[in-house]
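Structure file my_file31.cif with mmCIF, C-alpha atoms:
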```cif
data_final
loop_
_atom_site.group_PDB
_atom_site.id
_atom_site.type_symbol
_atom_site.label_atom_id
_atom_site.label_comp_id
_atom_site.auth_asym_id
_atom_site.auth_seq_id
_atom_site.Cartn_x
_atom_site.Cartn_y
_atom_site.Cartn_z
ATOM 1 C CA SER U 1219 82.006 73.705 93.913
ATOM 2 C CA GLN U 1220 82.969 71.832 97.052
ATOM 3 C CA ASN U 1221 86.573 71.034 97.984
ATOM 4 C CA LYS U 1222 87.709 68.961 100.976
ATOM 5 C CA VAL U 1223 91.424 68.455 101.649
ATOM 6 C CA ARG U 1224 92.952 66.456 104.495
ATOM 7 C CA SER U 1225 96.737 66.265 104.943
ATOM 8 C CA VAL U 1226 98.772 64.344 107.526
ATOM 9 C CA LEU U 1227 102.554 64.643 107.981
ATOM 10 C CA TYR U 1228 104.967 62.704 110.186
ATOM 11 C CA ALA U 1229 108.618 63.744 110.176
ATOM 12 C CA SER U 1230 111.814 62.778 111.973
ATOM 13 C CA ARG U 1231 115.400 64.021 111.761
ATOM 14 C CA GLY U 1232 118.623 63.066 113.524
ATOM 15 C CA VAL U 1233 122.121 64.572 113.262
ATOM 16 C CA ALA U 1234 125.407 63.549 114.899
ATOM 17 C CA GLU U 1235 128.703 65.460 114.816
ATOM 18 C CA TYR U 1236 132.209 64.316 115.649
ATOM 19 C CA LYS U 1237 135.432 66.336 115.750
ATOM 20 C CA PHE U 1238 138.897 64.860 115.441
ATOM 21 C CA GLY U 1239 141.636 67.473 115.429
ATOM 22 C CA ILE U 1240 140.585 70.362 113.178
ATOM 23 C CA THR U 1241 138.333 68.179 111.015
ATOM 24 C CA THR U 1242 134.586 67.941 111.637
ATOM 25 C CA LEU U 1243 132.504 64.966 110.499
ATOM 26 C CA GLU U 1244 128.711 64.980 110.560
ATOM 27 C CA GLY U 1245 126.015 62.536 109.519
ATOM 28 C CA GLY U 1246 122.335 61.966 109.922
ATOM 29 C CA TYR U 1247 118.988 61.025 108.450
ATOM 30 C CA ASP U 1248 115.603 62.509 107.487
ATOM 31 C CA TYR U 1249 112.277 60.678 107.310
ATOM 32 C CA THR U 1250 108.895 62.013 106.204
ATOM 33 C CA HIS U 1251 105.547 60.330 105.691
ATOM 34 C CA THR U 1252 102.623 62.197 104.141
ATOM 35 C CA ASN U 1253 99.041 61.195 103.394
ATOM 36 C CA ARG U 1254 96.847 63.656 101.477
ATOM 37 C CA LYS U 1255 93.221 63.238 100.409
ATOM 38 C CA ASP U 1256 91.692 65.709 97.945
ATOM 39 C CA PHE U 1257 87.969 65.560 97.154
ATOM 40 C CA TYR U 1258 86.592 68.062 94.626
ATOM 41 C CA LYS U 1259 82.952 68.172 93.523
ATOM 42 C CA ASN U 1260 81.531 70.467 90.853
ATOM 43 C CA ILE U 1261 77.828 71.066 91.510
ATOM 44 C CA GLY U 1262 75.559 71.926 88.598
ATOM 45 C CA SER U 1263 78.308 71.971 85.952
ATOM 46 C CA SER U 1264 79.723 69.599 83.335
ATOM 47 C CA LEU U 1265 83.192 69.553 84.964
ATOM 48 C CA PRO U 1266 84.265 66.139 86.325
ATOM 49 C CA ASN U 1267 84.400 65.371 90.036
ATOM 50 C CA THR U 1268 87.631 63.994 91.544
ATOM 51 C CA ASP U 1269 88.627 61.923 94.558
ATOM 52 C CA ASP U 1270 92.456 61.744 94.784
ATOM 53 C CA LYS U 1271 94.834 60.418 97.433
ATOM 54 C CA ILE U 1272 98.634 60.564 97.570
ATOM 55 C CA LYS U 1273 100.704 58.536 100.061
ATOM 56 C CA GLU U 1274 104.401 59.343 100.116
ATOM 57 C CA GLN U 1275 107.440 58.272 102.146
ATOM 58 C CA THR U 1276 110.934 59.724 101.892
ATOM 59 C CA VAL U 1277 114.017 58.326 103.629
ATOM 60 C CA ALA U 1278 117.332 60.195 103.354
ATOM 61 C CA GLY U 1279 120.801 59.707 104.785
ATOM 62 C CA PHE U 1280 123.653 62.204 104.600
ATOM 63 C CA ILE U 1281 127.296 62.610 105.568
ATOM 64 C CA GLY U 1282 129.525 65.677 105.443
ATOM 65 C CA VAL U 1283 133.078 66.668 106.337
ATOM 66 C CA THR U 1284 134.711 70.054 106.981
ATOM 67 C CA VAL U 1285 138.486 70.274 106.525
ATOM 68 C CA PRO U 1286 140.312 73.557 107.275
ATOM 69 C CA ILE U 1287 143.803 73.861 105.762
ATOM 70 C CA ASN U 1288 145.577 77.011 106.962
ATOM 71 C CA LYS U 1289 143.218 79.804 105.817
ATOM 72 C CA ILE U 1290 141.374 77.581 103.340
ATOM 73 C CA GLU U 1291 138.248 75.628 104.293
ATOM 74 C CA LEU U 1292 136.804 72.753 102.294
ATOM 75 C CA TYR U 1293 133.362 71.266 102.944
ATOM 76 C CA GLY U 1294 131.885 68.296 101.111
ATOM 77 C CA SER U 1295 128.699 66.337 101.675
ATOM 78 C CA LEU U 1296 126.729 63.549 100.078
ATOM 79 C CA ARG U 1297 123.005 62.937 100.542
ATOM 80 C CA TYR U 1298 120.939 59.995 99.320
ATOM 81 C CA GLU U 1299 117.145 60.235 99.093
ATOM 82 C CA HIS U 1300 114.673 57.469 98.352
ATOM 83 C CA THR U 1301 110.976 58.256 97.850
ATOM 84 C CA TYR U 1302 107.898 56.091 97.362
ATOM 85 C CA SER U 1303 104.854 57.960 96.048
ATOM 86 C CA ASP U 1304 101.522 56.152 95.516
ATOM 87 C CA TYR U 1305 98.709 57.927 93.659
ATOM 88 C CA TYR U 1306 95.077 56.806 94.046
ATOM 89 C CA GLN U 1307 91.951 57.884 92.164
ATOM 90 C CA ARG U 1308 88.640 56.951 93.790
ATOM 91 C CA GLY U 1309 90.494 54.478 95.991
ATOM 92 C CA VAL U 1310 92.238 52.694 93.091
ATOM 93 C CA LEU U 1311 96.050 52.734 92.840
ATOM 94 C CA LYS U 1312 97.269 54.252 89.551
ATOM 95 C CA PRO U 1313 100.695 52.687 88.805
ATOM 96 C CA GLU U 1314 101.443 55.027 85.877
ATOM 97 C CA GLN U 1315 101.010 58.038 88.191
ATOM 98 C CA SER U 1316 102.866 56.463 91.141
ATOM 99 C CA HIS U 1317 106.633 56.870 91.347
ATOM 100 C CA LYS U 1318 109.776 55.618 93.070
ATOM 101 C CA TYR U 1319 112.840 57.878 93.201
ATOM 102 C CA GLY U 1320 116.364 57.199 94.412
ATOM 103 C CA ARG U 1321 119.156 59.698 93.885
ATOM 104 C CA LEU U 1322 122.467 61.022 95.269
ATOM 105 C CA PHE U 1323 122.872 64.762 95.880
ATOM 106 C CA PRO U 1324 126.472 66.016 96.300
ATOM 107 C CA SER U 1325 127.491 69.395 97.679
ATOM 108 C CA VAL U 1326 130.915 71.087 97.800
ATOM 109 C CA ASP U 1327 132.029 74.437 99.312
ATOM 110 C CA PHE U 1328 135.518 75.902 98.888
ATOM 111 C CA SER U 1329 136.350 79.038 100.902
ATOM 112 C CA PHE U 1330 139.647 80.911 100.540
ATOM 113 C CA PRO U 1331 141.162 84.373 101.077
ATOM 114 C CA ILE U 1332 143.026 86.531 98.570
ATOM 115 C CA SER U 1333 144.816 89.381 100.310
ATOM 116 C CA LYS U 1334 142.126 91.057 102.470
ATOM 117 C CA ALA U 1335 139.221 89.668 100.466
ATOM 118 C CA HIS U 1336 137.410 86.393 101.135
ATOM 119 C CA PHE U 1337 135.793 84.173 98.474
ATOM 120 C CA THR U 1338 133.560 81.095 98.365
ATOM 121 C CA LEU U 1339 132.980 78.769 95.417
ATOM 122 C CA SER U 1340 130.223 76.192 95.817
ATOM 123 C CA TYR U 1341 128.238 73.555 93.957
ATOM 124 C CA SER U 1342 125.100 71.748 95.081
ATOM 125 C CA ALA U 1343 122.516 69.392 93.616
ATOM 126 C CA LYS U 1344 119.030 69.210 95.081
ATOM 127 C CA THR U 1345 115.471 68.308 94.192
ATOM 128 C CA LYS U 1346 112.192 70.208 94.233
ATOM 129 C CA ARG U 1347 109.070 68.081 94.156
ATOM 130 C CA PRO U 1348 105.772 69.335 92.746
ATOM 131 C CA LYS U 1349 103.199 70.654 95.197
ATOM 132 C CA TYR U 1350 100.172 68.496 95.879
ATOM 133 C CA SER U 1351 97.971 71.093 94.201
ATOM 134 C CA GLN U 1352 100.139 70.752 91.070
ATOM 135 C CA LEU U 1353 99.562 66.976 91.078
ATOM 136 C CA SER U 1354 95.789 67.184 91.514
ATOM 137 C CA SER U 1355 93.607 65.935 88.657
ATOM 138 C CA SER U 1356 90.624 68.099 89.705
ATOM 139 C CA ILE U 1357 89.472 70.827 87.329
ATOM 140 C CA GLN U 1358 88.750 73.956 89.356
ATOM 141 C CA TYR U 1359 86.252 76.539 88.132
ATOM 142 C CA ASP U 1360 87.784 80.037 88.447
ATOM 143 C CA ASP U 1361 85.329 81.940 86.235
ATOM 144 C CA ARG U 1362 83.335 81.179 83.097
ATOM 145 C CA TYR U 1363 86.410 81.790 80.927
ATOM 146 C CA THR U 1364 89.072 80.157 83.136
ATOM 147 C CA TYR U 1365 89.492 76.645 84.545
ATOM 148 C CA GLU U 1366 92.508 75.382 86.493
ATOM 149 C CA THR U 1367 93.999 71.903 86.989
ATOM 150 C CA GLY U 1368 97.188 70.047 87.915
ATOM 151 C CA ASN U 1369 99.140 67.217 86.305
ATOM 152 C CA PRO U 1370 99.511 63.872 88.173
ATOM 153 C CA PHE U 1371 102.355 62.851 85.819
ATOM 154 C CA LEU U 1372 104.749 65.610 86.956
ATOM 155 C CA LYS U 1373 108.225 64.539 88.014
ATOM 156 C CA PRO U 1374 110.482 66.305 90.565
ATOM 157 C CA GLU U 1375 112.834 69.008 89.356
ATOM 158 C CA ILE U 1376 116.572 68.316 89.705
ATOM 159 C CA ILE U 1377 118.460 71.559 90.358
ATOM 160 C CA HIS U 1378 122.223 71.997 89.830
ATOM 161 C CA ASP U 1379 123.548 75.224 91.322
ATOM 162 C CA ILE U 1380 127.045 76.753 91.005
ATOM 163 C CA SER U 1381 127.766 79.991 92.840
ATOM 164 C CA PHE U 1382 130.725 82.256 93.490
ATOM 165 C CA ALA U 1383 130.775 84.996 96.130
ATOM 166 C CA GLY U 1384 133.363 87.400 97.490
ATOM 167 C CA ILE U 1385 133.558 90.077 100.154
ATOM 168 C CA TYR U 1386 136.057 92.883 100.729
ATOM 169 C CA LYS U 1387 135.340 95.323 103.550
ATOM 170 C CA TRP U 1388 131.814 96.590 102.733
ATOM 171 C CA VAL U 1389 131.810 95.387 99.099
ATOM 172 C CA PHE U 1390 129.998 92.107 98.367
ATOM 173 C CA PHE U 1391 129.934 90.291 95.027
ATOM 174 C CA SER U 1392 127.886 87.241 94.052
ATOM 175 C CA ALA U 1393 127.233 85.320 90.827
ATOM 176 C CA SER U 1394 125.430 82.042 90.235
ATOM 177 C CA TYR U 1395 124.422 79.644 87.487
ATOM 178 C CA GLN U 1396 121.499 77.249 87.829
ATOM 179 C CA TYR U 1397 120.377 74.385 85.605
ATOM 180 C CA VAL U 1398 116.937 72.836 86.201
ATOM 181 C CA HIS U 1399 116.194 69.404 84.730
ATOM 182 C CA GLU U 1400 112.503 68.424 84.299
ATOM 183 C CA ALA U 1401 111.457 72.023 85.047
ATOM 184 C CA ILE U 1402 107.826 72.532 86.140
ATOM 185 C CA LEU U 1403 106.155 75.334 84.168
ATOM 186 C CA GLY U 1404 102.652 76.798 83.970
ATOM 187 C CA VAL U 1405 100.778 76.426 80.670
ATOM 188 C CA VAL U 1406 97.531 77.946 79.385
ATOM 189 C CA GLU U 1407 95.633 76.146 76.620
ATOM 190 C CA ALA U 1408 92.125 75.919 75.185
ATOM 191 C CA TYR U 1409 89.774 73.683 77.207
ATOM 192 C CA GLN U 1410 87.587 72.873 74.202
ATOM 193 C CA GLU U 1411 87.756 73.761 70.539
ATOM 194 C CA ASN U 1412 85.727 76.793 69.433
ATOM 195 C CA GLU U 1413 85.015 77.716 73.068
ATOM 196 C CA PRO U 1414 86.388 80.869 74.785
ATOM 197 C CA ILE U 1415 87.555 78.918 77.866
ATOM 198 C CA ASN U 1416 91.193 78.675 78.967
ATOM 199 C CA LEU U 1417 92.607 75.806 81.019
ATOM 200 C CA MET U 1418 95.588 76.688 83.226
ATOM 201 C CA THR U 1419 97.782 73.693 84.092
#
```
Represent the structure contained in this file as structure tokens.
Amino acid sequence: SQNKVRSVLYASRGVAEYKFGITTLEGGYDYTHTNRKDFYKNIGSSLPNTDDKIKEQTVAGFIGVTVPINKIELYGSLRYEHTYSDYYQRGVLKPEQSHKYGRLFPSVDFSFPISKAHFTLSYSAKTKRPKYSQLSSSIQYDDRYTYETGNPFLKPEIIHDISFAGIYKWVFFSASYQYVHEAILGVVEAYQENEPINLMT
């Protein structure tokens, strides 16, 4: 097999911070542009050849504020992300595999002391996008019993995380709960009926 991959990334980030009294306000933006080409050719086998391209742009803006009240500190932030993702096969745009995403991601931290111990309760929402290799439509030959491929229809995971932590002298305690929506999982299935070949996707 022959595999050629070319990836280009441009990224920019800016952050500004302003303090008035004991309160701190921050804001900023993120921008990324990626262009990935993935050519996979199977020589001398019945597996299909692929020629994929993914162009993606993400623009994000965020604002956060830190407010200390006596020994208590409260931090809250809000982030908005918008992503355009265009998927091409052999130079042809595939609308059903191209996506547009726009979503708000809040985050809150609450820190407080109890006697000589210190505790933090926090919540955050974030996203985890599939890797380019997980989006590839190429079928890779691993061995005569195992093939491997991706899934161009995958959507990003949305992760909600709640955590609670405390510290007292040298004792540290932490607990967390995480919920993942549209989780990305690995699956193994038969490639063809009555054939001893597995396809990992």
* How far is it from CA of Ile1376 in chain U to CA of Ile1402 in chain U, in Å with one decimal? ->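 Taking CA of Ile1376 in chain U and CA of Ile1402 in chain U, their separation equals 10.3 Å.
Proximity to Thr1419 in chain U at 10 Å, evaluated using all atoms listed in the file and with sequence-adjacent residues fewer than 5 positions away removed, yields Gln1352, Leu1353, Ser1355, Ile1357, Tyr1365, Glu1366, Thr1367, Gly1368, Asn1369, Leu1403, Gly1404, Val1405, Val1406 and Glu1407 of chain U.
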* Selected by the PyMOL selection byres ((chain U and resi 1303) around 6) in the shown coordinates: which residues, as a PyMOL selection string? -> chain U and resi 1273-1274+1302+1304+1316-1317
* Asked: Hey, can you check how far CA of Ser1329 in chain U sits from CA of Lys1387 in chain U?
  ->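 Atom-to-atom, CA of Ser1329 in chain U to CA of Lys1387 in chain U, that is 16.5 Å.
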* To do: Would you translate the PyMOL selection byres ((chain U and resi 1222-1228) around 9) into the concrete set of residues it matches in this file, as a ChimeraX atom specification?
  => /U:1220-1221,1229-1230,1249-1259
